Amino acid sequence: MRRDYGCHRLDHELSRRSFVAGTVAGTAGLTSLVSPGQAEVLRKSGKRILQIYLQGGLSQLESWDPKPGTLYGGPFRAITTSVPGVHICELLPHVAQRMHLLSIVRSLNLKTNSHHDGRLFMEMGRRAGVYPYVGAVAAKYLAPPNAALPGYIHVTTRGLTDNTEAFLGARYAQLRLLGPKTPEDMVRPEGISSASANRRDQLRKRLNRRFASGGAQPAYTEAYNATFDMAEKLMLRKKLFEAEPAASDLARYGTHPFARNCLLARSLLKNGATCVKVTHHGYDTHAENFNFHLEQLGEFDRTFCMLLDDLHDSGMLDSTLVMIMSEFGRTPKINQRYGRDHWGTAWSVALGGCGVRPGVVVGATNKLGTEVSDREIDGGHLFHTYFQALGLDSTQNHDLDGRAVPIGDPARAPITELLA
Amino acid sequence: MTDGRVTGPEPPPLPRNPPPPIDVRQTHVVSEFKHDVPLTTCRIAPCGGFVFAGAEDLNVYRWTLTGAQADKTVLSGHTSWVRSLDFSRDGQWLYTGGYDGRIGVWPVAEARPQAAKMIDAHQGWVRWVRVSPDGRLLASCGNDNLVKIWSLPQGDLLRQFEGHERYPYAVVFHPDGRRIVSFDLMGVIKEWEIDSGKQLHSLEAKFMWGFDQKFRADMGGARDMRFSSDGKILAVAGLSDVKNAFAGVHKPMILLVDWSQQKHLHKLTADSFSGLAWGVRFHPQGFIVGVGAPQGGNKGMLWFWKSGEEKPFHSVTLSHCGRGIDLTPDARRVAVAQFDGFLRVYQLTQPERQG
C-alpha cells in the first residue's frame, strides 16, 4: 500500500503561481471566505448538478453551431428549435424541441487541443495548477452533511483516473461507477455478523484517531474514512443498482449503456446525490466523423432528452444545473478520413436548469467556424457561471485551514447573460 | 450546342496509330479537373464523354472528359453532400443520392442541368442509388435502414425492403434484373427478390466490420459494390481488421463473393496499407481495379488484382486519397475522385503517341 495514498496536502497540490495568487487575494482582503452561514444555506438548498460529458470532443458543427453549406460545414443540415431564431444540427431533433430549456455558448476558446488539458480546464476552471473539479466543489458546498449518497458520482463505461478533489480532501472526490451494475464489495462477507462488522469499524476509527493524534497528516486517515463513509452510504442504497429499470423507462431512454447510465443518474439525483456526471464516450472522431456523430448523437439526443424531461416533469430541473460539455470541439477542416481533429479554438457547450436563463445563445463563431467572432469564453468563465447559477459566490475563497484559495479563477467572471 | 443541349460529348479522338494495349504498369495521369473542395465520388456517363463528381459541398459537378477545366458545370439542388451517382441505361439521365435524403434526377447533357425531379426517398441520408439492368427501376438505400425500389422514369415508390438492423451502405441489382443485394454497416449482406419482396438470402461478412471497444462504436459497411457482368461474383469495397475506428486504423479490403454458391471467394487486401477501399471495378480484361485512402498521410492507391489472387499484382501511388473510381466505356482509363479536390483521369496504357 502506498504510504501517501490520499495525501492531498495543500503544499503538494497547489502550483506556486496559484498559491501566491490565492494567498495574495486572501491577505489583501479582496475576497472573502465562504462563511459557515452561507454554506449552511447552500447545503439546505437541495441544488444539484447533472453533468453530461461527451468524451473525446463533440463536434460543434454537428451539434450546437452548425454551418451547413459552408466550406467546412459537413453534410448535416441545421434545424429550427423551440427557440425562434436558434438553429442546431439535425442530429439533435429531440434537443431541438426542448431548446427553450437550454442555452448555448458558441464561443469557447480554450487555447489547447489536448484531451488532458482541455478536460482539466473545463473541470477546474483553471488553465493550469491543481484545483478541484466542478463536482468536488459542488460536493463540498452543496451536499448536505447527512446526504444519503456520496456527493459526487461519476457514471461511465471506462475509467479516467483524475485527481478530482485536489486540496479539498478525499471526502469530495468523485466516486466512479463503471455503469449501472452494483459496485463491487457492497455485501458484507458471509461469516461476519453485523455486530462483528460494527466492532471492526469502531476499532478502525479508534486506530485512525490514534494515528492522527501522533502527528500524521489528517489526509491519510481522511481518505480512508471518506472511502468507508461512501461505501456505507452505497451499501444502504444498493437497491438503486440492483433494480432492473422499468420496461417503460427502457422504451423511452433506450437499452444501450448510455441510456442505462442516464437512468442510474436519474435515480442517484432523486435519491440525494449532489453532482452526477455521466460520460458518453466516442466523440474523438479523427476518422468517419459524420458516421460516428450519427451513431453517438443518435444515442445522446433521445436519451438525454428523456432525462431532461423527467427532471423537468418532476420539478427538479429548477434546482438542477444541467451541463453538456466536452474537453474541446473538433476542427472545422475535414481531414482525408472524413474526420475532424481536436479543436479548442472555437467550439460550444450547452447548459440549462438551475439558475440558467433558458433559450439564450452566448457568443458566436465566424462564418466558417474557424474563430470566435464574438464574446470569447473559456473554462474559467464557465466555472464561475456554474456556481453563480447554483447560488455559490465563486469569487469567494475556499477556506483551507485559514488560507484562502479563490473558488473560481479571479481573472475570470461569470457569463452574466446566462444567469437567470 | 443546339436547343440548350450539348450536342453530345466530344468523342475521344481517333488514334492514327493502333492504340497501345492495356498495361496497368504504365498507368499515368492524362487529365485533371480541379474543384475547390474534396470530392466524394465520381461516375463516367455511359456515352463516355462526361464525368460527374460529388463533393463536400451541396453540388454535383460535370466535366467533359476530353475538355478543359473551364468546362465545369454545376448541378445544384441537393442540400447536403452527394456520394452516389448512376445513369439511366440510355445515358440521358443522372440519378444522385444525397445525404439530404433525396434522389435527384438530372438531364445528363443539358448545358445547364436543372433537377427534373427531387424525390424524398429516405429518412436521413440516401447512401446509394443504382439503376436496374433494364433501366426501368432504381434501387436506393438509406439511414432509415430501408432498401427501396422506384419506377423509372416516373420515380414512384414500388417496393421497400425491411430487414437491415443497421444502415445499409450500398445496394446493387443482380445482372439478371430480378434480384437486388444490399450490404450494411455490420457486414450483413441481404439478397431480395424484387417481384415478391421476399428476402432470398442473408449472409455475413463480419470481418468487414469491427466494434471499437474503447470508443464503443461500430465501423464497417460497403464503400462500393459491383456485380461482375455475368452475375457470378459480387465485389464489395470496404475495410477489415479494425484496430482503432476513430483514428481510421484498419485495413482496406475488397471482398469477392461467389454469388451462385453464396460464399466468400477471395479477400483482396494490400498488406502494407492502412486505410479504406473506396472503389472497385471489374475490368473487362479479367482483373479488378480498386482505389483507396490511407489512415495517415495523403497518398491514395490504385490497386490491380488478377483473378484468383488476393494480393495486388500492381499498385499505383496516387498523389491524394481516392474516394471513388469509374472506368471509361472502353476500359482504357479510370477516373478517380480525390481528396485534394481533383478528379484525375488515369490511362491504363503506355502514353499514346500523338499524330
# chains A, B, ... in the order shown; residues from 1 in each chain; ligands from 1
>>> select_by_dssp(residues="segment 86-186 of chain A", states="strand (DSSP E or B)", output="number ranges by chain")
A: 87-89, 102-108, 152-156, 175-178
>>> residues_around(residues="Leu91 of chain A", least_positions_apart="6", cutoff="12 Å", atoms="only C-alpha atoms", output="PyMOL selection string")
(chain A and resi 59-66+75-80+290-302) or (chain B and resi 124-125)
>>> write_last_selection(atoms="N, CA and C atoms", output="JSON list (two decimals), in the first residue's frame")
[["chain", "number", "residue", "atom", "x", "y", "z"],
["A", 59, "SER", "N", -18.25, 17.46, -31.86],
["A", 59, "SER", "CA", -18.12, 18.44, -32.93],
["A", 59, "SER", "C", -19.19, 19.51, -32.77],
["A", 60, "GLN", "N", -18.76, 20.75, -32.64],
["A", 60, "GLN", "CA", -19.71, 21.86, -32.53],
["A", 60, "GLN", "C", -20.51, 22.01, -33.82],
["A", 61, "LEU", "N", -19.89, 21.65, -34.94],
["A", 61, "LEU", "CA", -20.58, 21.80, -36.23],
["A", 61, "LEU", "C", -21.67, 20.76, -36.41],
["A", 62, "GLU", "N", -21.53, 19.64, -35.73],
["A", 62, "GLU", "CA", -22.55, 18.60, -35.78],
["A", 62, "GLU", "C", -23.48, 18.68, -34.58],
["A", 63, "SER", "N", -23.45, 19.80, -33.86],
["A", 63, "SER", "CA", -24.32, 19.90, -32.68],
["A", 63, "SER", "C", -24.86, 21.33, -32.51],
["A", 64, "TRP", "N", -24.12, 22.14, -31.74],
["A", 64, "TRP", "CA", -24.68, 23.42, -31.29],
["A", 64, "TRP", "C", -24.43, 24.59, -32.23],
["A", 65, "ASP", "N", -23.51, 24.43, -33.17],
["A", 65, "ASP", "CA", -23.13, 25.57, -34.02],
["A", 65, "ASP", "C", -23.00, 25.12, -35.48],
["A", 66, "PRO", "N", -24.08, 24.66, -36.07],
["A", 66, "PRO", "CA", -23.99, 24.13, -37.45],
["A", 66, "PRO", "C", -23.74, 25.25, -38.46],
["A", 75, "PRO", "N", -21.96, 17.44, -43.93],
["A", 75, "PRO", "CA", -23.17, 17.05, -44.66],
["A", 75, "PRO", "C", -24.48, 17.30, -43.93],
["A", 76, "PHE", "N", -24.42, 17.61, -42.66],
["A", 76, "PHE", "CA", -25.67, 17.71, -41.91],
["A", 76, "PHE", "C", -26.28, 19.10, -42.01],
["A", 77, "ARG", "N", -27.59, 19.13, -41.89],
["A", 77, "ARG", "CA", -28.31, 20.39, -42.02],
["A", 77, "ARG", "C", -28.67, 20.96, -40.67],
["A", 78, "ALA", "N", -29.03, 22.20, -40.65],
["A", 78, "ALA", "CA", -29.48, 22.85, -39.41],
["A", 78, "ALA", "C", -31.00, 22.74, -39.34],
["A", 79, "ILE", "N", -31.51, 22.64, -38.12],
["A", 79, "ILE", "CA", -32.97, 22.58, -37.95],
["A", 79, "ILE", "C", -33.40, 23.67, -36.98],
["A", 80, "THR", "N", -34.64, 24.04, -37.11],
["A", 80, "THR", "CA", -35.18, 25.02, -36.18],
["A", 80, "THR", "C", -35.39, 24.37, -34.81],
["A", 290, "PHE", "N", -18.63, 11.90, -39.42],
["A", 290, "PHE", "CA", -20.06, 12.07, -39.67],
["A", 290, "PHE", "C", -20.84, 10.80, -39.35],
["A", 291, "ASN", "N", -20.29, 9.68, -39.77],
["A", 291, "ASN", "CA", -20.95, 8.42, -39.41],
["A", 291, "ASN", "C", -20.96, 8.22, -37.89],
["A", 292, "PHE", "N", -19.86, 8.55, -37.23],
["A", 292, "PHE", "CA", -19.81, 8.34, -35.79],
["A", 292, "PHE", "C", -20.70, 9.34, -35.03],
["A", 293, "HIS", "N", -20.77, 10.58, -35.51],
["A", 293, "HIS", "CA", -21.70, 11.51, -34.85],
["A", 293, "HIS", "C", -23.16, 11.09, -35.05],
["A", 294, "LEU", "N", -23.43, 10.50, -36.22],
["A", 294, "LEU", "CA", -24.77, 9.93, -36.41],
["A", 294, "LEU", "C", -25.08, 8.91, -35.31],
["A", 295, "GLU", "N", -24.10, 8.05, -35.05],
["A", 295, "GLU", "CA", -24.30, 6.98, -34.06],
["A", 295, "GLU", "C", -24.36, 7.56, -32.65],
["A", 296, "GLN", "N", -23.36, 8.34, -32.31],
["A", 296, "GLN", "CA", -23.24, 8.79, -30.92],
["A", 296, "GLN", "C", -24.36, 9.77, -30.54],
["A", 297, "LEU", "N", -24.60, 10.72, -31.42],
["A", 297, "LEU", "CA", -25.65, 11.69, -31.09],
["A", 297, "LEU", "C", -27.04, 11.07, -31.21],
["A", 298, "GLY", "N", -27.13, 10.03, -32.02],
["A", 298, "GLY", "CA", -28.39, 9.28, -32.04],
["A", 298, "GLY", "C", -28.71, 8.70, -30.68],
["A", 299, "GLU", "N", -27.68, 8.24, -29.99],
["A", 299, "GLU", "CA", -27.88, 7.76, -28.61],
["A", 299, "GLU", "C", -28.12, 8.92, -27.66],
["A", 300, "PHE", "N", -27.25, 9.93, -27.76],
["A", 300, "PHE", "CA", -27.32, 11.05, -26.80],
["A", 300, "PHE", "C", -28.64, 11.79, -26.88],
["A", 301, "ASP", "N", -29.07, 12.12, -28.07],
["A", 301, "ASP", "CA", -30.19, 13.05, -28.27],
["A", 301, "ASP", "C", -31.45, 12.58, -27.53],
["A", 302, "ARG", "N", -31.86, 11.39, -27.85],
["A", 302, "ARG", "CA", -33.13, 10.94, -27.24],
["A", 302, "ARG", "C", -32.96, 10.66, -25.75],
["B", 124, "GLY", "N", -33.17, 10.53, -43.42],
["B", 124, "GLY", "CA", -31.72, 10.50, -43.28],
["B", 124, "GLY", "C", -31.07, 10.29, -44.64],
["B", 125, "TRP", "N", -29.78, 10.06, -44.59],
["B", 125, "TRP", "CA", -29.02, 10.00, -45.84],
["B", 125, "TRP", "C", -29.55, 8.97, -46.82]]
>>> interface_residues(of="chain A", to="chain B", cutoff="6 Å", atoms="only C-alpha atoms", output="list in words")
Pro75, His281, Gly282, Thr285, His286 and Ala287 of chain A
>>> closest_residue(among="A:His398, A:Met316, A:Arg106, A:Phe228", to="Ala346 of chain A", atoms="only C-alpha atoms")
A:Arg106
>>> atom_distance(atom1="atom CA of Arg25 of chain B", atom2="atom CA of Tyr346 of chain B")
11.6 Å
>>> select_by_dssp(residues="segment 159-322 of chain B", states="helix (DSSP H, G or I)", output="PDB file with N, CA and C atoms, in the first residue's frame")
ATOM      1  N   LYS B 206     -18.600 -10.522 -41.534  1.00  0.00           N
ATOM      2  CA  LYS B 206     -18.336  -9.800 -40.292  1.00  0.00           C
ATOM      3  C   LYS B 206     -16.914  -9.267 -40.210  1.00  0.00           C
ATOM      4  N   PHE B 207     -16.037  -9.877 -41.003  1.00  0.00           N
ATOM      5  CA  PHE B 207     -14.654  -9.378 -40.997  1.00  0.00           C
ATOM      6  C   PHE B 207     -14.568  -7.998 -41.665  1.00  0.00           C
ATOM      7  N   MET B 208     -15.648  -7.543 -42.282  1.00  0.00           N
ATOM      8  CA  MET B 208     -15.658  -6.183 -42.832  1.00  0.00           C
ATOM      9  C   MET B 208     -16.361  -5.211 -41.882  1.00  0.00           C
ATOM     10  N   ALA B 245     -11.099   2.499 -34.692  1.00  0.00           N
ATOM     11  CA  ALA B 245     -12.042   3.045 -35.670  1.00  0.00           C
ATOM     12  C   ALA B 245     -11.948   4.559 -35.733  1.00  0.00           C
ATOM     13  N   PHE B 246     -11.721   5.192 -34.589  1.00  0.00           N
ATOM     14  CA  PHE B 246     -11.794   6.646 -34.538  1.00  0.00           C
ATOM     15  C   PHE B 246     -10.564   7.320 -35.128  1.00  0.00           C
ATOM     16  N   ALA B 247      -9.494   6.567 -35.272  1.00  0.00           N
ATOM     17  CA  ALA B 247      -8.310   7.092 -35.936  1.00  0.00           C
ATOM     18  C   ALA B 247      -8.189   6.512 -37.345  1.00  0.00           C
TER      19      ALA B 247
END
>>> closest_residue(among="A:Val83, A:His115, A:Ala136, A:Thr303", to="His100 of chain A", atoms="only C-alpha atoms")
A:Val83
>>> closest_residue(among="A:Gly344, A:Asn146, A:Thr385, A:Tyr338", to="Thr112 of chain A", atoms="only C-alpha atoms")
A:Gly344
>>> residues_around(residues="Tyr131 of chain A", least_positions_apart="4", cutoff="10 Å", atoms="only C-alpha atoms", output="JSON, numbers by chain")
{"A": [13, 14, 15, 18, 120, 121, 123, 124, 125, 126, 127, 136, 137, 163, 164, 165, 166, 167, 168, 405, 406, 407, 408]}
>>> write_last_selection(atoms="C-alpha atoms", output="PDB file, in the first residue's frame")
ATOM      1  CA  GLU A  13      -1.286  20.297  -4.697  1.00  0.00           C
ATOM      2  CA  LEU A  14      -1.106  23.992  -5.388  1.00  0.00           C
ATOM      3  CA  SER A  15       1.135  25.350  -8.057  1.00  0.00           C
ATOM      4  CA  SER A  18      -1.915  29.685  -7.848  1.00  0.00           C
ATOM      5  CA  LEU A 120      -8.837  19.889 -16.673  1.00  0.00           C
ATOM      6  CA  PHE A 121      -9.632  23.416 -17.829  1.00  0.00           C
ATOM      7  CA  GLU A 123     -13.482  20.842 -14.883  1.00  0.00           C
ATOM      8  CA  MET A 124     -11.231  23.054 -12.723  1.00  0.00           C
ATOM      9  CA  GLY A 125     -11.960  26.389 -14.346  1.00  0.00           C
ATOM     10  CA  ARG A 126      -8.222  26.961 -14.452  1.00  0.00           C
ATOM     11  CA  ARG A 127      -5.839  26.516 -17.332  1.00  0.00           C
ATOM     12  CA  ALA A 136     -15.924  18.145  -5.978  1.00  0.00           C
ATOM     13  CA  VAL A 137     -16.685  21.812  -5.325  1.00  0.00           C
ATOM     14  CA  ASN A 163      -7.442  13.927  -9.002  1.00  0.00           C
ATOM     15  CA  THR A 164     -10.901  15.417  -8.825  1.00  0.00           C
ATOM     16  CA  GLU A 165     -10.867  16.698  -5.272  1.00  0.00           C
ATOM     17  CA  ALA A 166      -7.419  18.354  -5.338  1.00  0.00           C
ATOM     18  CA  PHE A 167      -6.853  20.056  -1.986  1.00  0.00           C
ATOM     19  CA  LEU A 168     -10.450  19.786  -0.783  1.00  0.00           C
ATOM     20  CA  VAL A 405      -7.795  29.945  -2.259  1.00  0.00           C
ATOM     21  CA  PRO A 406     -10.203  31.505  -4.753  1.00  0.00           C
ATOM     22  CA  ILE A 407     -13.010  29.167  -5.734  1.00  0.00           C
ATOM     23  CA  GLY A 408     -13.041  30.436  -9.312  1.00  0.00           C
TER      24      GLY A 408
END
>>> atom_distance(atom1="atom CA of Cys354 of chain A", atom2="atom CA of Val322 of chain A")
7.5 Å
>>> atom_distance(atom1="atom CA of Lys72 of chain B", atom2="atom CA of Arg223 of chain B")
25.8 Å
>>> residues_around(residues="Val74 of chain B", least_positions_apart="3", cutoff="7 Å", atoms="only C-alpha atoms", output="JSON, numbers by chain")
{"B": [59, 60, 61, 62]}
>>> write_last_selection(atoms="C-alpha atoms", output="compact mmCIF listing (two decimals), in the first residue's frame")
# COMPACT_ATOMS: atom_id res chain seq x y z
CA ASN B 59 -23.45 20.25 -55.58
CA VAL B 60 -22.60 17.71 -58.22
CA TYR B 61 -20.08 18.69 -60.88
CA ARG B 62 -19.74 17.74 -64.52
>>> residues_around(residues="Lys251 of chain B", least_positions_apart="2", cutoff="7 Å", atoms="only C-alpha atoms", output="number ranges by chain")
B: 239-241, 253, 273-276
>>> closest_atom_pairs(of="segment 227-269 of chain B", to="segment 178-186 of chain B", cutoff="10 Å", atoms="only C-alpha atoms", output="tab-separated table")
residue	atom	partner	partner_atom	distance
B:Phe227	CA	B:Val181	CA	9.5
B:Leu234	CA	B:Val181	CA	9.1
B:Val236	CA	B:Phe183	CA	8.4
>>> residues_around(residues="Gly67 of chain B", least_positions_apart="3", cutoff="10 Å", atoms="only C-alpha atoms", output="ChimeraX atom specification")
/B:9-10,31,33,49-50,63-64,70-72
>>> write_last_selection(atoms="N, CA and C atoms", output="PDB file, in the first residue's frame")
ATOM      1  N   PRO B   9     -21.348  14.655 -76.125  1.00  0.00           N
ATOM      2  CA  PRO B   9     -19.990  14.923 -75.695  1.00  0.00           C
ATOM      3  C   PRO B   9     -18.988  14.582 -76.786  1.00  0.00           C
ATOM      4  N   GLU B  10     -17.896  15.282 -76.711  1.00  0.00           N
ATOM      5  CA  GLU B  10     -16.852  15.051 -77.699  1.00  0.00           C
ATOM      6  C   GLU B  10     -16.361  13.617 -77.604  1.00  0.00           C
ATOM      7  N   SER B  31      -5.480  13.511 -67.550  1.00  0.00           N
ATOM      8  CA  SER B  31      -6.152  14.799 -67.383  1.00  0.00           C
ATOM      9  C   SER B  31      -6.549  15.003 -65.929  1.00  0.00           C
ATOM     10  N   PHE B  33      -9.114  17.575 -63.379  1.00  0.00           N
ATOM     11  CA  PHE B  33     -10.165  18.588 -63.264  1.00  0.00           C
ATOM     12  C   PHE B  33     -10.222  19.014 -61.809  1.00  0.00           C
ATOM     13  N   GLY B  49     -18.431  10.620 -72.560  1.00  0.00           N
ATOM     14  CA  GLY B  49     -17.984  11.991 -72.763  1.00  0.00           C
ATOM     15  C   GLY B  49     -17.958  12.843 -71.522  1.00  0.00           C
ATOM     16  N   PHE B  50     -18.795  12.521 -70.559  1.00  0.00           N
ATOM     17  CA  PHE B  50     -18.863  13.331 -69.346  1.00  0.00           C
ATOM     18  C   PHE B  50     -18.412  12.525 -68.130  1.00  0.00           C
ATOM     19  N   TRP B  63     -17.751  17.491 -65.810  1.00  0.00           N
ATOM     20  CA  TRP B  63     -16.712  17.928 -66.733  1.00  0.00           C
ATOM     21  C   TRP B  63     -16.813  17.106 -68.018  1.00  0.00           C
ATOM     22  N   THR B  64     -16.368  17.691 -69.104  1.00  0.00           N
ATOM     23  CA  THR B  64     -16.235  16.932 -70.347  1.00  0.00           C
ATOM     24  C   THR B  64     -14.890  16.234 -70.301  1.00  0.00           C
ATOM     25  N   ALA B  70     -12.187  24.495 -67.540  1.00  0.00           N
ATOM     26  CA  ALA B  70     -13.227  25.527 -67.556  1.00  0.00           C
ATOM     27  C   ALA B  70     -14.602  24.974 -67.915  1.00  0.00           C
ATOM     28  N   ASP B  71     -14.643  23.740 -68.374  1.00  0.00           N
ATOM     29  CA  ASP B  71     -15.922  23.141 -68.751  1.00  0.00           C
ATOM     30  C   ASP B  71     -16.774  22.738 -67.557  1.00  0.00           C
ATOM     31  N   LYS B  72     -16.295  22.985 -66.379  1.00  0.00           N
ATOM     32  CA  LYS B  72     -17.033  22.539 -65.192  1.00  0.00           C
ATOM     33  C   LYS B  72     -18.448  23.107 -65.152  1.00  0.00           C
TER      34      LYS B  72
END
>>> decode(residues="segment 265-297 of chain A", atoms="N, CA and C atoms", output="tab-separated table (two decimals), in the first residue's frame")
chain	number	residue	atom	x	y	z
A	265	ALA	N	-28.36	7.74	-13.31
A	265	ALA	CA	-28.16	9.13	-12.90
A	265	ALA	C	-29.45	9.72	-12.35
A	266	ARG	N	-30.55	9.42	-13.01
A	266	ARG	CA	-31.85	9.91	-12.53
A	266	ARG	C	-32.13	9.41	-11.11
A	267	SER	N	-31.87	8.12	-10.89
A	267	SER	CA	-32.10	7.56	-9.56
A	267	SER	C	-31.18	8.21	-8.53
A	268	LEU	N	-29.94	8.39	-8.91
A	268	LEU	CA	-28.98	8.97	-7.96
A	268	LEU	C	-29.37	10.39	-7.59
A	269	LEU	N	-29.77	11.18	-8.59
A	269	LEU	CA	-30.17	12.56	-8.30
A	269	LEU	C	-31.42	12.60	-7.44
A	270	LYS	N	-32.36	11.72	-7.76
A	270	LYS	CA	-33.60	11.70	-6.96
A	270	LYS	C	-33.34	11.26	-5.53
A	271	ASN	N	-32.28	10.49	-5.35
A	271	ASN	CA	-32.01	9.95	-4.03
A	271	ASN	C	-30.92	10.69	-3.28
A	272	GLY	N	-30.63	11.89	-3.71
A	272	GLY	CA	-29.80	12.75	-2.87
A	272	GLY	C	-28.38	12.98	-3.31
A	273	ALA	N	-27.96	12.46	-4.47
A	273	ALA	CA	-26.61	12.79	-4.94
A	273	ALA	C	-26.58	14.25	-5.35
A	274	THR	N	-25.49	14.92	-5.10
A	274	THR	CA	-25.41	16.35	-5.41
A	274	THR	C	-24.90	16.61	-6.82
A	275	CYS	N	-23.86	15.91	-7.21
A	275	CYS	CA	-23.38	16.05	-8.59
A	275	CYS	C	-23.26	14.67	-9.21
A	276	VAL	N	-23.96	14.46	-10.29
A	276	VAL	CA	-23.84	13.21	-11.03
A	276	VAL	C	-23.32	13.55	-12.42
A	277	LYS	N	-22.21	12.94	-12.71
A	277	LYS	CA	-21.60	13.13	-14.03
A	277	LYS	C	-21.77	11.83	-14.82
A	278	VAL	N	-22.27	11.96	-16.04
A	278	VAL	CA	-22.41	10.78	-16.90
A	278	VAL	C	-21.53	11.01	-18.13
A	279	THR	N	-20.64	10.08	-18.37
A	279	THR	CA	-19.77	10.20	-19.54
A	279	THR	C	-20.31	9.35	-20.68
A	280	HIS	N	-20.39	9.97	-21.83
A	280	HIS	CA	-20.74	9.24	-23.05
A	280	HIS	C	-19.50	9.26	-23.93
A	281	HIS	N	-18.92	8.10	-24.15
A	281	HIS	CA	-17.67	8.02	-24.90
A	281	HIS	C	-17.94	8.01	-26.40
A	282	GLY	N	-16.89	8.29	-27.16
A	282	GLY	CA	-16.96	8.05	-28.58
A	282	GLY	C	-17.10	9.28	-29.46
A	283	TYR	N	-16.50	10.39	-29.05
A	283	TYR	CA	-16.59	11.60	-29.87
A	283	TYR	C	-15.24	12.03	-30.45
A	284	ASP	N	-14.23	11.20	-30.24
A	284	ASP	CA	-12.89	11.60	-30.72
A	284	ASP	C	-12.72	11.13	-32.15
A	285	THR	N	-13.42	11.76	-33.05
A	285	THR	CA	-13.67	11.23	-34.39
A	285	THR	C	-12.67	11.74	-35.42
A	286	HIS	N	-11.45	11.25	-35.32
A	286	HIS	CA	-10.43	11.62	-36.30
A	286	HIS	C	-10.72	10.98	-37.66
A	287	ALA	N	-11.55	9.97	-37.66
A	287	ALA	CA	-11.98	9.34	-38.92
A	287	ALA	C	-13.49	9.18	-38.85
A	288	GLU	N	-14.12	9.24	-40.01
A	288	GLU	CA	-15.56	8.99	-40.10
A	288	GLU	C	-16.36	9.81	-39.08
A	289	ASN	N	-16.00	11.07	-38.96
A	289	ASN	CA	-16.67	11.96	-38.01
A	289	ASN	C	-18.18	11.95	-38.18
A	290	PHE	N	-18.63	11.90	-39.42
A	290	PHE	CA	-20.06	12.07	-39.67
A	290	PHE	C	-20.84	10.80	-39.35
A	291	ASN	N	-20.29	9.68	-39.77
A	291	ASN	CA	-20.95	8.42	-39.41
A	291	ASN	C	-20.96	8.22	-37.89
A	292	PHE	N	-19.86	8.55	-37.23
A	292	PHE	CA	-19.81	8.34	-35.79
A	292	PHE	C	-20.70	9.34	-35.03
A	293	HIS	N	-20.77	10.58	-35.51
A	293	HIS	CA	-21.70	11.51	-34.85
A	293	HIS	C	-23.16	11.09	-35.05
A	294	LEU	N	-23.43	10.50	-36.22
A	294	LEU	CA	-24.77	9.93	-36.41
A	294	LEU	C	-25.08	8.91	-35.31
A	295	GLU	N	-24.10	8.05	-35.05
A	295	GLU	CA	-24.30	6.98	-34.06
A	295	GLU	C	-24.36	7.56	-32.65
A	296	GLN	N	-23.36	8.34	-32.31
A	296	GLN	CA	-23.24	8.79	-30.92
A	296	GLN	C	-24.36	9.77	-30.54
A	297	LEU	N	-24.60	10.72	-31.42
A	297	LEU	CA	-25.65	11.69	-31.09
A	297	LEU	C	-27.04	11.07	-31.21
